[in-house]
file my_file03.txt (compact mmCIF, C-alpha atoms and all ligand atoms)
# COMPACT_ATOMS: atom_id res chain seq x y z
CA LYS A 1 12.80 -22.39 -17.52
CA ALA A 2 11.63 -23.56 -14.11
CA THR A 3 7.93 -24.15 -13.63
CA LYS A 4 5.73 -22.46 -11.07
CA GLU A 5 5.64 -25.70 -9.07
CA ALA A 6 9.43 -25.92 -9.03
CA TYR A 7 9.72 -22.32 -7.84
CA PHE A 8 7.11 -22.87 -5.16
CA ALA A 9 8.85 -26.01 -3.86
CA ASP A 10 12.27 -24.33 -3.81
CA ILE A 11 11.00 -21.16 -2.14
CA GLN A 12 9.11 -23.12 0.49
CA ALA A 13 12.18 -25.24 1.29
CA LEU A 14 14.41 -22.16 1.51
CA LEU A 15 11.96 -20.33 3.78
CA LYS A 16 11.91 -23.30 6.11
CA GLU A 17 15.66 -23.75 6.09
CA LYS A 18 16.26 -20.11 7.01
CA ASN A 19 13.37 -19.79 9.48
CA ALA A 20 12.07 -17.07 7.20
CA VAL A 21 8.61 -15.72 6.55
CA LEU A 22 7.27 -14.16 3.37
CA VAL A 23 5.08 -11.07 3.64
CA ALA A 24 3.45 -9.87 0.42
CA HIS A 25 1.32 -6.87 -0.48
CA TYR A 26 -2.06 -7.20 -2.23
CA TYR A 27 -0.61 -5.39 -5.25
CA THR A 28 2.14 -7.91 -5.97
CA ASP A 29 1.65 -10.42 -8.78
CA ALA A 30 -0.74 -13.30 -8.13
CA LEU A 31 2.06 -15.90 -8.04
CA VAL A 32 3.90 -13.98 -5.33
CA GLN A 33 0.73 -13.71 -3.24
CA GLU A 34 -0.01 -17.39 -3.80
CA ILE A 35 3.39 -18.55 -2.54
CA ALA A 36 3.13 -16.20 0.46
CA GLU A 37 -0.12 -17.89 1.35
CA LYS A 38 1.02 -21.46 0.62
CA SER A 39 4.20 -21.06 2.64
CA GLY A 40 2.35 -19.93 5.77
CA GLY A 41 3.33 -16.31 5.21
CA PHE A 42 1.08 -13.32 4.96
CA ILE A 43 -0.73 -11.13 2.44
CA GLY A 44 -2.09 -7.75 3.44
CA ASP A 45 -2.08 -3.98 3.19
CA SER A 46 0.82 -1.95 4.48
CA LEU A 47 -0.66 -1.58 7.99
CA GLU A 48 -1.24 -5.31 8.33
CA MET A 49 2.18 -6.09 6.89
CA ALA A 50 3.75 -3.77 9.49
CA ARG A 51 1.84 -5.41 12.30
CA PHE A 52 2.70 -8.90 11.08
CA GLY A 53 6.40 -8.06 10.78
CA ALA A 54 6.46 -6.61 14.29
CA ASN A 55 5.00 -9.80 15.76
CA THR A 56 6.65 -12.62 13.83
CA ASP A 57 9.02 -15.17 15.40
CA ALA A 58 10.90 -15.69 12.16
CA ASP A 59 14.61 -14.73 11.99
CA LEU A 60 14.34 -13.46 8.46
CA ILE A 61 11.50 -11.40 7.01
CA VAL A 62 11.16 -11.35 3.23
CA VAL A 63 9.08 -8.37 2.15
CA ALA A 64 7.53 -8.59 -1.31
CA GLY A 65 6.24 -5.11 -1.93
CA VAL A 66 7.93 -1.76 -2.21
CA ARG A 67 10.83 -0.28 -0.32
CA PHE A 68 8.96 1.67 2.35
CA MET A 69 7.30 -1.60 3.41
CA GLY A 70 10.70 -3.21 3.88
CA GLU A 71 11.91 -0.20 5.85
CA THR A 72 8.85 -0.27 8.08
CA ALA A 73 9.41 -3.96 8.79
CA LYS A 74 13.05 -3.27 9.70
CA ILE A 75 12.16 -0.33 11.95
CA LEU A 76 9.60 -2.38 13.85
CA ALA A 77 11.83 -5.48 14.05
CA PRO A 78 15.34 -4.02 14.33
CA ASN A 79 16.93 -7.28 15.46
CA LYS A 80 15.69 -9.26 12.48
CA THR A 81 17.09 -9.39 9.00
CA VAL A 82 14.73 -7.93 6.42
CA VAL A 83 15.34 -8.70 2.75
CA MET A 84 13.49 -7.76 -0.39
CA PRO A 85 13.49 -9.34 -3.85
CA THR A 86 14.74 -5.94 -5.03
CA LEU A 87 15.40 -2.68 -3.23
CA GLU A 88 14.72 -0.88 -6.49
CA ALA A 89 10.99 -1.26 -5.94
CA THR A 90 10.03 2.21 -4.81
CA CYS A 91 6.86 4.34 -4.92
CA SER A 92 6.01 7.65 -6.60
CA LEU A 93 4.76 9.01 -3.27
CA ASP A 94 8.06 8.23 -1.56
CA LEU A 95 9.98 9.71 -4.54
CA GLY A 96 7.71 12.77 -4.51
CA CYS A 97 8.48 13.63 -0.91
CA PRO A 98 12.22 14.30 -0.43
CA VAL A 99 13.05 14.69 3.25
CA ASP A 100 14.87 18.04 2.97
CA GLU A 101 12.01 19.82 1.23
CA PHE A 102 9.40 18.21 3.40
CA THR A 103 11.28 19.18 6.56
CA LYS A 104 11.46 22.79 5.37
CA PHE A 105 7.73 22.78 4.72
CA CYS A 106 7.09 21.47 8.23
CA GLU A 107 9.40 24.07 9.76
CA GLN A 108 7.41 26.83 8.07
CA HIS A 109 4.33 25.63 9.96
CA PRO A 110 5.51 24.72 13.44
CA ASP A 111 1.99 24.99 14.84
CA ARG A 112 0.82 21.98 12.82
CA GLU A 113 0.78 18.28 13.61
CA VAL A 114 2.71 16.39 10.90
CA VAL A 115 0.84 13.35 9.57
CA VAL A 116 2.48 11.26 6.86
CA TYR A 117 1.25 8.35 4.83
CA ALA A 118 3.06 5.04 5.30
CA ASN A 119 4.23 5.41 1.66
CA THR A 120 7.26 7.52 2.67
CA SER A 121 10.94 6.99 3.45
CA ALA A 122 12.13 6.26 6.97
CA GLU A 123 13.67 9.77 6.97
CA VAL A 124 10.30 11.40 6.33
CA LYS A 125 8.65 9.27 9.00
CA ALA A 126 11.37 10.39 11.40
CA VAL A 127 10.18 14.02 11.13
CA ALA A 128 6.49 13.12 11.49
CA ASP A 129 4.22 13.10 14.53
CA TRP A 130 2.00 10.40 13.07
CA VAL A 131 2.15 7.75 10.35
CA VAL A 132 -1.14 6.57 8.82
CA THR A 133 -2.34 4.19 6.16
CA SER A 134 -5.46 4.70 4.10
CA SER A 135 -7.39 2.29 6.34
CA ILE A 136 -7.18 4.64 9.36
CA ALA A 137 -6.57 8.06 7.77
CA VAL A 138 -10.10 9.44 8.21
CA ASP A 139 -10.38 8.16 11.79
CA LEU A 140 -7.02 9.56 12.84
CA ILE A 141 -7.57 12.99 11.31
CA ASP A 142 -11.02 13.10 12.94
CA HIS A 143 -9.35 12.31 16.24
CA LEU A 144 -6.76 15.09 15.83
CA ASP A 145 -9.34 17.58 14.53
CA ALA A 146 -11.51 16.96 17.59
CA GLN A 147 -8.53 18.07 19.71
CA GLY A 148 -8.35 21.30 17.70
CA LYS A 149 -5.13 20.31 15.95
CA LYS A 150 -4.15 21.79 12.58
CA ILE A 151 -2.44 19.39 10.22
CA ILE A 152 0.28 19.02 7.63
CA TRP A 153 -0.51 16.07 5.40
CA GLY A 154 1.98 14.32 3.15
CA PRO A 155 2.58 13.14 0.56
CA ASP A 156 -0.59 12.01 -1.31
CA LYS A 157 -2.70 15.02 -2.33
CA HIS A 158 -5.66 12.92 -3.46
CA LEU A 159 -5.89 10.90 -0.27
CA GLY A 160 -5.29 14.12 1.71
CA GLY A 161 -8.05 15.94 -0.17
CA TYR A 162 -10.42 13.05 0.42
CA VAL A 163 -9.67 12.99 4.15
CA GLN A 164 -10.04 16.77 4.35
CA LYS A 165 -13.48 16.55 2.72
CA GLN A 166 -14.60 13.75 5.02
CA THR A 167 -13.42 15.39 8.23
CA GLY A 168 -13.48 19.14 7.56
CA ALA A 169 -10.08 19.33 9.30
CA ASP A 170 -7.63 22.18 8.66
CA MET A 171 -5.02 20.45 6.48
CA LEU A 172 -2.11 21.69 4.38
CA LEU A 173 -1.43 19.16 1.65
CA TRP A 174 1.90 18.13 0.15
CA ASP A 175 1.75 17.77 -3.63
CA ALA A 176 2.50 14.20 -4.69
CA SER A 177 0.44 11.36 -6.08
CA CYS A 178 0.38 7.69 -6.95
CA ILE A 179 1.13 7.11 -10.62
CA VAL A 180 -1.22 4.13 -10.72
CA HIS A 181 -4.36 5.58 -9.09
CA GLU A 182 -3.89 9.00 -10.64
CA GLU A 183 -4.63 7.49 -14.08
CA PHE A 184 -8.18 6.31 -13.37
CA LYS A 185 -10.75 8.40 -15.23
CA ALA A 186 -14.36 9.00 -14.18
CA LYS A 187 -15.54 9.14 -17.78
CA GLY A 188 -14.05 5.77 -18.67
CA ILE A 189 -15.48 4.19 -15.52
CA LEU A 190 -18.96 5.57 -16.24
CA ASP A 191 -18.78 4.25 -19.83
CA MET A 192 -17.93 0.86 -18.39
CA LYS A 193 -20.75 1.12 -15.85
CA ALA A 194 -23.13 1.64 -18.78
CA MET A 195 -21.99 -1.73 -20.12
CA TYR A 196 -22.29 -3.43 -16.71
CA PRO A 197 -25.15 -1.57 -15.02
CA ASP A 198 -25.28 -3.90 -12.02
CA ALA A 199 -21.61 -3.52 -11.18
CA ALA A 200 -20.54 -1.76 -7.99
CA ILE A 201 -17.70 0.75 -8.33
CA LEU A 202 -14.90 0.27 -5.77
CA VAL A 203 -12.36 3.09 -5.49
CA HIS A 204 -9.14 3.56 -3.52
CA PRO A 205 -8.85 7.16 -2.21
CA GLU A 206 -5.46 7.67 -3.86
CA SER A 207 -7.59 8.21 -6.98
CA PRO A 208 -8.60 11.71 -8.19
CA ASP A 209 -11.66 13.33 -6.62
CA SER A 210 -13.76 12.92 -9.80
CA VAL A 211 -13.31 9.15 -9.52
CA VAL A 212 -13.98 9.08 -5.77
CA GLN A 213 -17.24 10.97 -6.45
CA ILE A 214 -18.72 8.17 -8.58
CA ALA A 215 -17.71 5.35 -6.22
CA ASP A 216 -20.15 3.06 -4.45
CA VAL A 217 -17.44 2.29 -1.90
CA VAL A 218 -14.26 4.27 -1.17
CA GLY A 219 -11.69 2.52 0.97
CA SER A 220 -8.29 1.02 1.62
CA THR A 221 -7.36 -2.26 -0.03
CA THR A 222 -8.62 -4.31 2.91
CA GLN A 223 -11.84 -2.30 3.05
CA LEU A 224 -12.41 -2.78 -0.70
CA ILE A 225 -11.82 -6.53 -0.39
CA LYS A 226 -14.40 -6.68 2.42
CA ALA A 227 -16.88 -4.70 0.29
CA SER A 228 -16.38 -7.10 -2.61
CA GLN A 229 -17.45 -9.91 -0.29
CA SER A 230 -20.32 -8.26 1.52
CA LEU A 231 -22.07 -6.37 -1.30
CA PRO A 232 -24.72 -8.39 -3.15
CA ASN A 233 -23.45 -7.26 -6.59
CA GLN A 234 -22.03 -9.96 -8.84
CA GLN A 235 -19.81 -7.57 -10.79
CA PHE A 236 -17.34 -4.97 -9.62
CA ILE A 237 -15.45 -2.22 -11.40
CA VAL A 238 -12.31 -1.80 -9.34
CA ALA A 239 -10.23 1.38 -9.32
CA THR A 240 -7.05 0.23 -7.64
CA ASP A 241 -4.06 -1.94 -8.57
CA ARG A 242 -5.29 -5.12 -10.23
CA GLY A 243 -3.05 -7.23 -7.98
CA ILE A 244 -5.97 -7.01 -5.57
CA PHE A 245 -8.05 -9.26 -7.87
CA TYR A 246 -6.15 -12.29 -6.56
CA LYS A 247 -7.73 -11.96 -3.12
CA MET A 248 -11.11 -10.68 -4.32
CA GLN A 249 -11.51 -13.57 -6.74
CA GLN A 250 -10.36 -16.11 -4.18
CA LEU A 251 -12.93 -14.91 -1.64
CA SER A 252 -15.77 -14.65 -4.19
CA PRO A 253 -15.08 -17.14 -6.99
CA GLN A 254 -18.53 -16.66 -8.52
CA LYS A 255 -18.22 -12.85 -8.87
CA SER A 256 -16.46 -10.99 -11.65
CA PHE A 257 -13.96 -8.21 -11.21
CA ILE A 258 -13.29 -5.68 -13.91
CA GLU A 259 -10.30 -3.38 -14.05
CA ALA A 260 -11.33 0.28 -14.06
CA PRO A 261 -10.12 1.98 -17.23
CA THR A 262 -7.24 4.37 -16.96
CA GLY A 263 -8.13 6.52 -19.96
CA GLY A 264 -11.23 7.91 -21.62
CA ALA A 265 -13.09 6.07 -24.37
CA GLY A 266 -10.63 4.92 -27.01
CA SER A 267 -7.65 5.11 -24.70
CA SER A 268 -4.83 2.85 -25.77
CA CYS A 269 -3.94 2.17 -22.15
CA LYS A 270 -5.76 -1.10 -21.59
CA SER A 271 -4.09 -2.41 -18.47
CA CYS A 272 -2.18 0.32 -16.77
CA ALA A 273 -3.64 -0.41 -13.36
CA HIS A 274 -0.61 -2.20 -12.03
CA CYS A 275 2.20 -0.61 -10.08
CA PRO A 276 5.49 -1.04 -11.97
CA TRP A 277 7.41 -1.23 -8.70
CA MET A 278 5.16 -3.86 -7.14
CA ALA A 279 5.60 -5.81 -10.39
CA MET A 280 9.38 -5.98 -9.82
CA ASN A 281 8.74 -8.77 -7.30
CA THR A 282 8.94 -12.08 -9.16
CA LEU A 283 9.33 -15.74 -8.21
CA GLU A 284 12.82 -15.56 -9.64
CA ASN A 285 14.17 -12.70 -7.54
CA LEU A 286 12.23 -13.93 -4.55
CA LYS A 287 14.03 -17.25 -4.72
CA GLN A 288 17.34 -15.46 -5.30
CA ALA A 289 16.73 -13.28 -2.23
CA LEU A 290 16.54 -16.45 -0.15
CA ILE A 291 19.58 -18.13 -1.68
CA ASP A 292 21.84 -15.09 -1.56
CA PRO A 293 20.25 -12.11 0.15
CA THR A 294 21.81 -9.05 -1.44
CA ASP A 295 18.96 -6.60 -1.10
CA ILE A 296 19.01 -6.31 2.67
CA VAL A 297 17.04 -3.42 4.15
CA GLU A 298 19.15 -1.17 6.35
CA VAL A 299 17.83 1.85 8.22
CA ASP A 300 20.16 4.19 10.09
CA ILE A 301 19.63 3.49 13.78
CA GLU A 302 19.01 7.12 14.75
CA ILE A 303 16.46 7.54 11.95
CA ALA A 304 14.88 4.21 12.86
CA ASN A 305 14.50 5.20 16.51
CA LYS A 306 12.77 8.44 15.53
CA ALA A 307 10.57 6.80 12.89
CA MET A 308 9.54 4.11 15.34
CA ILE A 309 7.66 6.65 17.47
CA PRO A 310 5.00 7.71 14.92
CA LEU A 311 4.85 4.14 13.57
CA ASN A 312 4.06 2.75 17.01
CA ARG A 313 1.48 5.49 17.48
CA MET A 314 -0.14 4.28 14.24
CA LEU A 315 -0.21 0.66 15.42
CA GLU A 316 -1.56 1.72 18.80
CA PHE A 317 -4.27 3.91 17.24
CA ALA A 318 -5.30 1.19 14.79
CA LYS A 319 -5.96 -1.37 17.54
O1 LIG B 1 -1.10 2.16 -2.89
C1 LIG B 1 -0.48 1.62 -1.98
O2 LIG B 1 0.72 1.47 -2.03
C2 LIG B 1 -1.22 1.12 -0.82
C3 LIG B 1 -2.67 1.10 -0.90
C4 LIG B 1 -0.58 0.73 0.27
C5 LIG B 1 -1.26 0.22 1.47
O3 LIG B 1 -1.48 -0.98 1.58
O4 LIG B 1 -1.61 1.01 2.35
FE1 LIG B 2 3.23 3.76 -4.60
FE2 LIG B 2 1.07 3.80 -6.08
FE3 LIG B 2 2.79 1.81 -6.33
FE4 LIG B 2 1.27 2.04 -4.13
S1 LIG B 2 0.55 1.65 -6.18
S2 LIG B 2 3.46 1.57 -4.20
S3 LIG B 2 1.15 4.27 -3.91
S4 LIG B 2 3.20 3.98 -6.82
call {"tool": "encode", "arguments": {"input": "my_file03.txt", "output": "structure tokens", "more": "lines below"}}
Ligand code: CIZ
Ligand code: SF4
result
Amino acid sequence: KATKEAYFADIQALLKEKNAVLVAHYYTDALVQEIAEKSGGFIGDSLEMARFGANTDADLIVVAGVRFMGETAKILAPNKTVVMPTLEATCSLDLGCPVDEFTKFCEQHPDREVVVYANTSAEVKAVADWVVTSSIAVDLIDHLDAQGKKIIWGPDKHLGGYVQKQTGADMLLWDASCIVHEEFKAKGILDMKAMYPDAAILVHPESPDSVVQIADVVGSTTQLIKASQSLPNQQFIVATDRGIFYKMQQLSPQKSFIEAPTGGAGSSCKSCAHCPWMAMNTLENLKQALIDPTDIVEVDIEIANKAMIPLNRMLEFAK
């Protein structure tokens, strides 16, 4: 079996040979993030990945993440080839928001502005007025609410509920959730806090309201990473995918990061906080994607042109 070093050397050589760049999400495995960094690629949240993909000079973009991230890269860089280690890496929010049903829902409320999370298919983005990520969701909804707009929000009900509470906006929420964040439990986190009383609790707003309520900081992945650096605490209980520990630990080597429990006391689920679809990205299929790119991201041109409008609005708003 090839070693990590051998994989890294091969992947770096292949990236160079193909004028390719590797873009990885914070939730991918540490080795995938490490090679993205070492090869001059990029690690980030979905907004930053989208922005990076739109601006790169590379001919080939390799997206290590989940499918909607590959689609977004392709929509924003239609003349480039976008490949993924596997197109099977999807997302429960994307799966929970089929375009036909969502379109019907929107048609029943034609007076509402349609705002969708980036974690959706290109088809769903194509029927939206706005795309958002968790890093700008509160700001964007505030902006629309100030203009008197009523909103349809899809697909994440927890993030939508959080934004609604923060802004007081009139929002109708689609009913889907993230299978990773949904499992965090307030009780388990509080039990852990009793063991580590000085720890700060960091929570991603895809988590249930009861978990958001006990957070010291609620934010997107990038915002949580910043908080882990700037807060004086030496310990952190982190309620998001544990892939994020790679960056947190790198930026604060002296601090300790503890995975928030996903069950109550006595739960058998000791390390569920990792997205099974993000975990499908490995050094092996990453290397294979560069040798023989089979999982090429294609988006129908008409859909892409429609989806590009709310995506560009997102990038413009986030500036
Ligand atoms: O949970 C996800 O998939 C997140 C947080 C995506 C992103 O970076 O916005
Ligand atoms: Fe989707 Fe949740 Fe996985 Fe993110 S962590 S890709 S929201 S299932």
call {"tool": "atom_distance", "arguments": {"input": "my_file03.txt", "atom1": "atom CA of A:Phe184", "atom2": "atom CA of A:Trp153"}}
result
22.5 Å
call {"tool": "closest_atom_pairs", "arguments": {"input": "my_file03.txt", "of": "chain A", "to": "ligand LIG 2 (chain B)", "cutoff": "7 Å", "atoms": "only C-alpha atoms and all ligand atoms", "output": "JSON lines"}}
result
{"residue": "A:Val66", "atom": "CA", "partner": "B:LIG2", "partner_atom": "S2", "distance": 5.9}
{"residue": "A:Thr90", "atom": "CA", "partner": "B:LIG2", "partner_atom": "S2", "distance": 6.6}
{"residue": "A:Cys91", "atom": "CA", "partner": "B:LIG2", "partner_atom": "FE1", "distance": 3.7}
{"residue": "A:Ser92", "atom": "CA", "partner": "B:LIG2", "partner_atom": "S4", "distance": 4.6}
{"residue": "A:Leu93", "atom": "CA", "partner": "B:LIG2", "partner_atom": "FE1", "distance": 5.6}
{"residue": "A:Asn119", "atom": "CA", "partner": "B:LIG2", "partner_atom": "S3", "distance": 6.5}
{"residue": "A:Cys178", "atom": "CA", "partner": "B:LIG2", "partner_atom": "FE2", "distance": 4.0}
{"residue": "A:Ile179", "atom": "CA", "partner": "B:LIG2", "partner_atom": "S4", "distance": 5.3}
{"residue": "A:Val180", "atom": "CA", "partner": "B:LIG2", "partner_atom": "FE2", "distance": 5.2}
{"residue": "A:His181", "atom": "CA", "partner": "B:LIG2", "partner_atom": "FE2", "distance": 6.5}
{"residue": "A:Asp241", "atom": "CA", "partner": "B:LIG2", "partner_atom": "S1", "distance": 6.3}
{"residue": "A:Cys275", "atom": "CA", "partner": "B:LIG2", "partner_atom": "FE3", "distance": 4.5}
{"residue": "A:Pro276", "atom": "CA", "partner": "B:LIG2", "partner_atom": "FE3", "distance": 6.9}
{"residue": "A:Trp277", "atom": "CA", "partner": "B:LIG2", "partner_atom": "FE3", "distance": 6.0}
{"residue": "A:Met278", "atom": "CA", "partner": "B:LIG2", "partner_atom": "FE3", "distance": 6.2}
call {"tool": "residues_near_ligand", "arguments": {"input": "my_file03.txt", "ligand": "ligand LIG 1 (chain B)", "cutoff": "6 Å", "atoms": "all atoms listed in the file", "output": "VMD selection string"}}
result
chain A and resid 45 to 46 133 to 134 221
call {"tool": "closest_residue", "arguments": {"input": "my_file03.txt", "among": "A:Ala73, A:Lys150, A:Val299, A:Ser256", "to": "A:Thr56", "atoms": "all atoms listed in the file"}}
result
A:Ala73
call {"tool": "atom_distance", "arguments": {"input": "my_file03.txt", "atom1": "atom CA of A:Ile225", "atom2": "atom CA of A:Ala260"}}
result
15.3 Å
call {"tool": "residues_around", "arguments": {"input": "my_file03.txt", "residues": "stretch 26-37 of chain A", "least_positions_apart": "4", "cutoff": "8 Å", "atoms": "all atoms listed in the file", "output": "number ranges by chain"}}
result
A: 8, 12, 22, 41-45, 64-65, 221, 241-244, 246-247, 274-275, 278-279, 281-283
call {"tool": "atom_distance", "arguments": {"input": "my_file03.txt", "atom1": "atom CA of A:Ala239", "atom2": "atom CA of A:Val212"}}
result
9.3 Å
call {"tool": "axis_aligned_box", "arguments": {"input": "my_file03.txt", "around": "stretch 280-284 of chain A", "padding_each_side": "5 Å", "output": "lines of an AutoDock Vina configuration file"}}
result
center_x = 10.8
center_y = -10.9
center_z = -8.6
size_x = 14.1
size_y = 19.8
size_z = 12.5
call {"tool": "closest_residue", "arguments": {"input": "my_file03.txt", "among": "A:Leu173, A:Val115, A:Ile291, A:Ala126", "to": "A:Met308", "atoms": "only C-alpha atoms"}}
result
A:Ala126
call {"tool": "closest_residue", "arguments": {"input": "my_file03.txt", "among": "A:Pro98, A:Pro293, A:Gly154, A:Pro310", "to": "A:Thr86", "atoms": "only C-alpha atoms"}}
result
A:Pro293
call {"tool": "closest_residue", "arguments": {"input": "my_file03.txt", "among": "A:Thr167, A:Thr81, A:Ser135, A:Gln254", "to": "A:Gln223", "atoms": "all atoms listed in the file"}}
result
A:Ser135
call {"tool": "residues_around", "arguments": {"input": "my_file03.txt", "residues": "stretch 100-110 of chain A", "least_positions_apart": "5", "cutoff": "12 Å", "atoms": "all atoms listed in the file", "output": "compact mmCIF listing (two decimals) with C-alpha atoms, in the coordinates of the input"}}
result
# COMPACT_ATOMS: atom_id res chain seq x y z
CA ASP A 94 8.06 8.23 -1.56
CA LEU A 95 9.98 9.71 -4.54
CA VAL A 115 0.84 13.35 9.57
CA VAL A 116 2.48 11.26 6.86
CA THR A 120 7.26 7.52 2.67
CA SER A 121 10.94 6.99 3.45
CA GLU A 123 13.67 9.77 6.97
CA VAL A 124 10.30 11.40 6.33
CA LYS A 125 8.65 9.27 9.00
CA ALA A 126 11.37 10.39 11.40
CA VAL A 127 10.18 14.02 11.13
CA ALA A 128 6.49 13.12 11.49
CA ASP A 129 4.22 13.10 14.53
CA LYS A 149 -5.13 20.31 15.95
CA LYS A 150 -4.15 21.79 12.58
CA ILE A 151 -2.44 19.39 10.22
CA ILE A 152 0.28 19.02 7.63
CA TRP A 153 -0.51 16.07 5.40
CA GLY A 154 1.98 14.32 3.15
CA PRO A 155 2.58 13.14 0.56
CA MET A 171 -5.02 20.45 6.48
CA LEU A 172 -2.11 21.69 4.38
CA LEU A 173 -1.43 19.16 1.65
CA TRP A 174 1.90 18.13 0.15
CA ASP A 175 1.75 17.77 -3.63
CA ALA A 176 2.50 14.20 -4.69
call {"tool": "residues_around", "arguments": {"input": "my_file03.txt", "residues": "stretch 186-198 of chain A", "least_positions_apart": "2", "cutoff": "9 Å", "atoms": "all atoms listed in the file", "output": "PyMOL selection string"}}
result
chain A and resi 184+200-201+208+210-214+233-237+239+260-265+267
